[in-house]
$ cat final.cif   # mmCIF, C-alpha atoms and all ligand atoms
data_data
#
loop_
_atom_site.label_atom_id
_atom_site.label_comp_id
_atom_site.auth_asym_id
_atom_site.auth_seq_id
_atom_site.Cartn_x
_atom_site.Cartn_y
_atom_site.Cartn_z
CA MET A 5 -104.18 9.32 66.00
CA LEU A 6 -101.90 12.33 65.72
CA ALA A 7 -103.49 15.60 66.79
CA LYS A 8 -101.99 19.07 66.42
CA ILE A 9 -102.05 20.44 69.97
CA ASN A 10 -100.21 23.57 71.12
CA GLY A 11 -98.17 23.50 67.91
CA LEU A 12 -97.01 19.88 68.22
CA GLU A 13 -98.31 16.58 66.83
CA LEU A 14 -99.34 14.63 69.93
CA SER A 15 -100.20 10.94 69.73
CA LEU A 16 -103.49 10.08 71.41
CA THR A 17 -105.70 7.00 71.42
CA THR A 18 -109.29 6.52 72.49
CA TYR A 19 -110.96 3.25 73.43
CA GLY A 20 -114.58 2.37 74.02
CA ARG A 21 -117.80 4.28 73.46
CA PRO A 22 -117.61 8.10 73.50
CA THR A 23 -120.91 8.12 75.39
CA ASN A 24 -119.25 6.46 78.41
CA LEU A 25 -117.61 8.52 81.15
CA PRO A 26 -114.21 9.77 79.95
CA LEU A 27 -111.25 8.32 81.85
CA ILE A 28 -107.90 9.90 80.95
CA PHE A 29 -104.66 8.12 81.81
CA ILE A 30 -101.60 10.39 82.17
CA HIS A 31 -98.25 8.64 82.00
CA GLY A 32 -95.12 9.25 84.07
CA PHE A 33 -91.59 10.30 83.12
CA PRO A 34 -89.91 9.20 80.86
CA PHE A 35 -92.39 6.59 79.69
CA SER A 36 -95.23 6.59 77.16
CA SER A 37 -98.93 5.80 77.06
CA ALA A 38 -97.98 2.11 76.62
CA MET A 39 -97.39 1.94 80.39
CA TRP A 40 -101.20 1.93 80.75
CA ASP A 41 -101.87 -1.11 78.51
CA GLY A 42 -103.01 -3.21 81.50
CA GLN A 43 -105.52 -0.54 82.56
CA VAL A 44 -106.80 0.14 79.02
CA GLN A 45 -107.76 -3.53 78.65
CA ALA A 46 -109.48 -3.54 82.05
CA PHE A 47 -111.52 -0.34 81.68
CA LYS A 48 -112.22 0.22 77.98
CA ASN A 49 -115.55 -1.62 78.03
CA ASP A 50 -117.05 0.57 80.74
CA PHE A 51 -115.36 3.94 80.13
CA TYR A 52 -114.32 6.16 77.26
CA VAL A 53 -110.61 5.61 77.87
CA VAL A 54 -108.08 8.11 76.56
CA THR A 55 -104.30 7.70 76.58
CA TYR A 56 -101.76 10.03 75.03
CA ASP A 57 -98.02 10.53 74.80
CA HIS A 58 -96.54 13.68 76.32
CA ARG A 59 -94.50 15.94 74.08
CA GLY A 60 -91.01 14.44 73.71
CA HIS A 61 -92.27 10.96 74.67
CA GLY A 62 -93.56 7.93 72.74
CA ARG A 63 -94.94 8.86 69.32
CA SER A 64 -95.50 12.54 70.09
CA GLU A 65 -93.34 15.25 68.58
CA VAL A 66 -90.49 16.58 70.68
CA GLY A 67 -90.51 20.22 69.54
CA ASP A 68 -87.63 22.34 70.85
CA GLY A 69 -87.23 20.35 74.08
CA GLN A 70 -87.61 23.50 76.22
CA TYR A 71 -90.34 22.48 78.62
CA MET A 72 -92.04 23.64 81.80
CA LEU A 73 -94.58 21.45 83.62
CA GLU A 74 -97.21 24.02 82.67
CA PHE A 75 -96.76 23.06 79.00
CA PHE A 76 -97.73 19.46 79.84
CA VAL A 77 -100.81 20.82 81.64
CA ASP A 78 -101.63 22.89 78.54
CA ASP A 79 -101.22 19.73 76.43
CA LEU A 80 -103.67 17.79 78.60
CA ALA A 81 -106.19 20.64 78.28
CA GLY A 82 -105.52 20.56 74.52
CA VAL A 83 -106.22 16.81 74.39
CA LEU A 84 -109.54 17.33 76.21
CA ASP A 85 -110.47 20.22 73.88
CA TYR A 86 -109.49 18.20 70.81
CA LEU A 87 -111.82 15.40 71.89
CA SER A 88 -114.52 17.89 73.02
CA LEU A 89 -114.50 16.51 76.56
CA SER A 90 -115.77 19.04 79.07
CA LYS A 91 -115.64 16.89 82.23
CA VAL A 92 -113.35 13.92 82.84
CA ILE A 93 -111.84 11.57 85.39
CA LEU A 94 -108.05 11.88 85.54
CA CYS A 95 -105.69 9.06 86.50
CA GLY A 96 -102.05 10.15 86.61
CA LEU A 97 -98.98 8.29 87.79
CA SER A 98 -96.01 10.22 89.18
CA MET A 99 -95.39 13.04 86.66
CA GLY A 100 -98.90 12.23 85.42
CA GLY A 101 -100.05 12.99 88.96
CA TYR A 102 -98.12 16.30 89.02
CA ILE A 103 -99.96 17.22 85.81
CA ALA A 104 -103.33 16.10 87.23
CA LEU A 105 -102.79 18.10 90.44
CA ARG A 106 -101.88 21.27 88.57
CA THR A 107 -104.83 20.71 86.20
CA ILE A 108 -107.36 20.48 89.02
CA GLU A 109 -105.78 23.56 90.62
CA ARG A 110 -106.16 25.48 87.34
CA ASN A 111 -109.41 24.03 85.95
CA PRO A 112 -111.36 22.33 88.76
CA GLU A 113 -114.59 22.64 86.74
CA ARG A 114 -113.32 20.07 84.23
CA ILE A 115 -112.59 17.28 86.72
CA LEU A 116 -115.14 14.73 87.95
CA GLY A 117 -112.76 12.46 89.83
CA LEU A 118 -109.06 12.11 90.51
CA VAL A 119 -106.72 9.13 90.79
CA LEU A 120 -103.25 10.02 92.06
CA ALA A 121 -100.85 7.10 91.73
CA ASP A 122 -97.27 7.12 93.03
CA THR A 123 -97.09 10.88 93.05
CA ARG A 124 -96.74 13.88 95.37
CA SER A 125 -97.83 17.51 95.63
CA GLU A 126 -94.51 18.92 96.86
CA PRO A 127 -91.95 20.30 94.38
CA ASP A 128 -88.37 19.03 94.09
CA SER A 129 -86.07 19.57 97.06
CA ASN A 130 -82.68 21.19 96.33
CA GLU A 131 -81.15 17.71 96.45
CA ALA A 132 -83.65 16.39 93.87
CA LYS A 133 -82.97 19.38 91.59
CA ILE A 134 -79.25 18.73 91.68
CA LYS A 135 -79.88 15.06 90.92
CA ARG A 136 -81.84 16.15 87.81
CA VAL A 137 -78.87 18.30 86.71
CA ASN A 138 -76.54 15.32 87.14
CA SER A 139 -78.92 13.16 85.09
CA ILE A 140 -79.02 15.75 82.28
CA ASN A 141 -75.21 15.98 82.21
CA LYS A 142 -74.90 12.20 82.22
CA ILE A 143 -77.43 11.71 79.42
CA LYS A 144 -75.74 14.38 77.28
CA LYS A 145 -72.34 12.75 77.84
CA ASP A 146 -73.14 9.02 77.75
CA GLY A 147 -76.51 8.80 75.99
CA ILE A 148 -79.79 7.53 77.38
CA ARG A 149 -78.95 3.86 78.09
CA PRO A 150 -76.90 4.15 81.32
CA PHE A 151 -79.56 6.56 82.67
CA THR A 152 -82.26 4.04 81.76
CA GLU A 153 -80.58 1.23 83.71
CA GLU A 154 -80.20 3.41 86.83
CA PHE A 155 -83.77 4.60 86.49
CA LEU A 156 -85.15 1.06 86.17
CA ALA A 157 -83.41 0.07 89.40
CA ALA A 158 -84.95 3.10 91.12
CA VAL A 159 -88.54 2.60 89.94
CA PHE A 160 -89.01 -1.18 90.19
CA ALA A 161 -88.95 -3.28 93.34
CA PRO A 162 -85.80 -5.49 93.24
CA GLU A 163 -87.87 -8.69 93.11
CA ASN A 164 -89.71 -7.42 90.01
CA MET A 165 -86.48 -6.69 88.10
CA SER A 166 -85.76 -10.26 87.02
CA THR A 167 -89.18 -11.65 86.07
CA PRO A 168 -89.06 -13.04 82.52
CA LEU A 169 -90.86 -10.90 79.91
CA SER A 170 -91.34 -8.38 82.63
CA ALA A 171 -92.65 -4.86 82.78
CA VAL A 172 -88.98 -3.90 83.16
CA ASP A 173 -88.19 -4.94 79.56
CA LYS A 174 -91.14 -2.97 78.30
CA ILE A 175 -90.19 0.18 80.20
CA ARG A 176 -86.52 -0.17 79.17
CA LEU A 177 -87.56 -0.17 75.53
CA ILE A 178 -89.90 2.78 76.00
CA ILE A 179 -87.26 4.93 77.75
CA ASN A 180 -84.49 4.09 75.27
CA GLN A 181 -86.72 5.10 72.35
CA ASN A 182 -87.50 8.54 73.79
CA PRO A 183 -85.45 11.40 72.30
CA VAL A 184 -82.66 12.82 74.48
CA SER A 185 -83.93 16.40 74.07
CA GLY A 186 -87.39 15.33 75.25
CA VAL A 187 -86.02 13.51 78.30
CA CYS A 188 -83.66 16.36 79.27
CA GLY A 189 -86.33 18.99 78.66
CA THR A 190 -88.73 17.07 80.90
CA LEU A 191 -86.11 16.80 83.65
CA ILE A 192 -85.91 20.62 83.63
CA ALA A 193 -89.71 20.84 83.73
CA LEU A 194 -89.87 18.46 86.70
CA ALA A 195 -87.16 20.35 88.60
CA SER A 196 -88.99 23.66 88.14
CA ARG A 197 -92.56 22.54 88.81
CA THR A 198 -94.75 24.40 91.28
CA ASP A 199 -95.96 23.21 94.68
CA THR A 200 -99.62 22.13 94.62
CA THR A 201 -99.83 21.27 98.35
CA GLN A 202 -101.77 24.40 99.35
CA SER A 203 -104.54 23.64 96.86
CA LEU A 204 -105.13 20.03 98.02
CA SER A 205 -107.68 21.20 100.60
CA ARG A 206 -109.73 22.76 97.77
CA ILE A 207 -110.13 19.46 95.91
CA ALA A 208 -113.83 18.68 96.06
CA VAL A 209 -114.14 15.61 93.82
CA PRO A 210 -113.83 11.92 94.78
CA THR A 211 -110.12 11.14 94.98
CA LEU A 212 -108.27 7.84 95.14
CA ILE A 213 -104.59 7.79 96.08
CA LEU A 214 -102.56 4.70 95.21
CA VAL A 215 -98.94 3.98 96.05
CA GLY A 216 -96.61 1.00 95.81
CA GLU A 217 -95.58 -0.14 99.28
CA LYS A 218 -91.90 0.06 98.25
CA ASP A 219 -92.06 3.28 96.24
CA GLY A 220 -88.77 5.07 96.96
CA ILE A 221 -89.40 8.05 94.62
CA THR A 222 -92.84 9.13 95.83
CA PRO A 223 -93.12 7.16 99.08
CA VAL A 224 -96.12 6.14 101.14
CA SER A 225 -95.48 9.14 103.44
CA ALA A 226 -96.07 11.54 100.49
CA ALA A 227 -99.30 9.70 99.62
CA GLU A 228 -100.43 9.80 103.27
CA SER A 229 -99.76 13.53 103.40
CA MET A 230 -102.03 14.08 100.37
CA ARG A 231 -104.72 11.86 101.90
CA GLN A 232 -104.75 14.00 105.04
CA ARG A 233 -105.25 17.19 103.01
CA ILE A 234 -107.82 16.00 100.44
CA ALA A 235 -111.18 15.73 102.19
CA GLY A 236 -112.81 12.33 101.78
CA SER A 237 -109.93 10.84 99.79
CA THR A 238 -108.95 7.19 100.09
CA LEU A 239 -105.42 5.81 100.15
CA SER A 240 -104.64 2.23 99.10
CA ILE A 241 -101.19 0.75 99.28
CA ILE A 242 -100.24 -1.67 96.50
CA PRO A 243 -98.32 -4.67 97.85
CA GLY A 244 -95.25 -6.01 96.03
CA ALA A 245 -94.86 -2.79 94.02
CA ALA A 246 -92.48 0.15 94.05
CA HIS A 247 -92.95 3.26 91.85
CA LEU A 248 -94.69 1.64 88.85
CA SER A 249 -97.50 0.13 90.87
CA ASN A 250 -99.91 -0.17 87.90
CA MET A 251 -97.42 -2.44 86.08
CA GLU A 252 -95.84 -4.23 89.04
CA ASN A 253 -99.14 -5.33 90.54
CA PRO A 254 -101.83 -4.64 87.93
CA ILE A 255 -104.39 -6.95 89.53
CA ILE A 256 -104.49 -5.10 92.85
CA PHE A 257 -104.08 -1.70 91.17
CA ASN A 258 -107.03 -2.39 88.85
CA THR A 259 -109.13 -3.77 91.69
CA HIS A 260 -108.79 -0.53 93.69
CA LEU A 261 -109.34 1.57 90.58
CA SER A 262 -112.42 -0.41 89.65
CA LEU A 263 -113.93 -0.13 93.15
CA PHE A 264 -113.33 3.62 93.08
CA LEU A 265 -114.75 4.14 89.59
CA ASN A 266 -117.83 2.10 90.31
C1 LIG B 301 -92.11 9.68 87.08
O1 LIG B 301 -92.26 8.47 87.22
O2 LIG B 301 -92.92 10.37 86.45
C2 LIG B 301 -90.88 10.32 87.67
O3 LIG B 301 -90.20 9.42 88.45
C3 LIG B 301 -91.24 11.56 88.42
C4 LIG B 301 -90.08 12.23 89.04
O4 LIG B 301 -88.93 11.89 88.73
O5 LIG B 301 -90.31 13.14 89.86
#
$ encode --input "final.cif" --output "structure tokens"
Amino acid sequence: MLAKINGLELSLTTYGRPTNLPLIFIHGFPFSSAMWDGQVQAFKNDFYVVTYDHRGHGRSEVGDGQYMLEFFVDDLAGVLDYLSLSKVILCGLSMGGYIALRTIERNPERILGLVLADTRSEPDSNEAKIKRVNSINKIKKDGIRPFTEEFLAAVFAPENMSTPLSAVDKIRLIINQNPVSGVCGTLIALASRTDTTQSLSRIAVPTLILVGEKDGITPVSAAESMRQRIAGSTLSIIPGAAHLSNMENPIIFNTHLSLFLN
């Protein structure tokens, strides 16, 4: 369905019975809610599963393309309000994790449990910010496709790049369909996001941290650092996966998620 949230039509989908515990999947950059298809199928019978597309991604409206990470946090709160969900479990991957971490910092009373996949609490380093600038310049000059190919090579483990009918083809299609202003606006939002590290010690809900063993963007060391700061959290490393661990090894990802949720 399309829902008017914070002035934009955002695309959101619900699965399963509304009386079940709400489980919200938050996608990464620059993907869409379709990256969670393998988890929706696995969890929709036991949870009230919600997926949505961020502004400027998937089927959601792009607006003016001037974004801060806080706007994505406002959008998540808007999705929860729209569906009248007062308390939820969040599962965010990468940028989805940045949004989840800022949401629990801002509105801890709304969160029952947290799944942080292939993400980190620290903001961009100077080097990472400059890389974002270079990406924006490149996309504006050459279009999205060359960026997509570089990005695919960065997020997938090399051995997962050539599998027939792979997750890679799906993600390529998703990225290439996203509007340039949405992708560039999100790069600015990512580069300017706040640091949530100091608030990790205040997280008081069950937390599962997942990371692909070969994740080069948000590596195991970043996941381990969150585990040390979040009391009682669990870290599981997903074998054979890089940054898109839920798509590269869905069986193991779903197994850990299922054990945690149950
Ligand atoms: C993502 O997957 O959301 C991005 O790789 C996050 C980032 O670039 O920091």
$ residues_near_ligand --input "final.cif" --ligand "ligand LIG 301 (chain B)" --cutoff "6 Å" --atoms "all atoms listed in the file" --output "PDB file with C-alpha atoms, in the frame of the given file"
ATOM      1  CA  GLY A  32     -95.120   9.250  84.070  1.00  0.00           C
ATOM      2  CA  PHE A  33     -91.590  10.300  83.120  1.00  0.00           C
ATOM      3  CA  SER A  98     -96.010  10.220  89.180  1.00  0.00           C
ATOM      4  CA  MET A  99     -95.390  13.040  86.660  1.00  0.00           C
TER       5      MET A  99
END
$ residues_near_point --input "final.cif" --point "(-114.2, 15.5, 93.4)" --cutoff "7 Å" --atoms "all atoms listed in the file" --output "PyMOL selection string"
chain A and resi 116-118+207-211
$ residues_around --input "final.cif" --residues "Asn253 in chain A" --least-positions-apart "2" --cutoff "10 Å" --atoms "all atoms listed in the file" --output "PyMOL selection string"
chain A and resi 164+216+242-246+248-251+255-258
$ closest_residue --input "final.cif" --among "A:Ser139, A:Asn24, A:Ser15, A:Gln43" --to "Leu261 in chain A" --atoms "all atoms listed in the file"
A:Gln43
$ closest_residue --input "final.cif" --among "A:Leu191, A:Val83, A:Ser196, A:Ala121" --to "Leu239 in chain A" --atoms "only C-alpha atoms"
A:Ala121
$ residues_around --input "final.cif" --residues "Gly82 in chain A" --least-positions-apart "5" --cutoff "10 Å" --atoms "all atoms listed in the file" --output "short mmCIF file (atom, residue, chain, number, x, y, z; two decimals) with C-alpha atoms, in the frame of the given file"
data_model
loop_
_atom_site.label_atom_id
_atom_site.label_comp_id
_atom_site.auth_asym_id
_atom_site.auth_seq_id
_atom_site.Cartn_x
_atom_site.Cartn_y
_atom_site.Cartn_z
CA ALA A 7 -103.49 15.60 66.79
CA LYS A 8 -101.99 19.07 66.42
CA ILE A 9 -102.05 20.44 69.97
CA ASN A 10 -100.21 23.57 71.12
CA LEU A 14 -99.34 14.63 69.93
CA PHE A 76 -97.73 19.46 79.84
CA VAL A 77 -100.81 20.82 81.64
CA LEU A 87 -111.82 15.40 71.89
CA SER A 88 -114.52 17.89 73.02
#
$ atom_distance --input "final.cif" --atom1 "CA of Leu204 in chain A" --atom2 "CA of Ile234 in chain A"
5.4 Å
$ residues_around --input "final.cif" --residues "Ala81 in chain A" --least-positions-apart "4" --cutoff "12 Å" --atoms "only C-alpha atoms" --output "VMD selection string"
chain A and resid 9 to 10 28 30 56 74 to 77 85 to 92 94 103 to 104 106 to 108 110 to 112 114 to 115
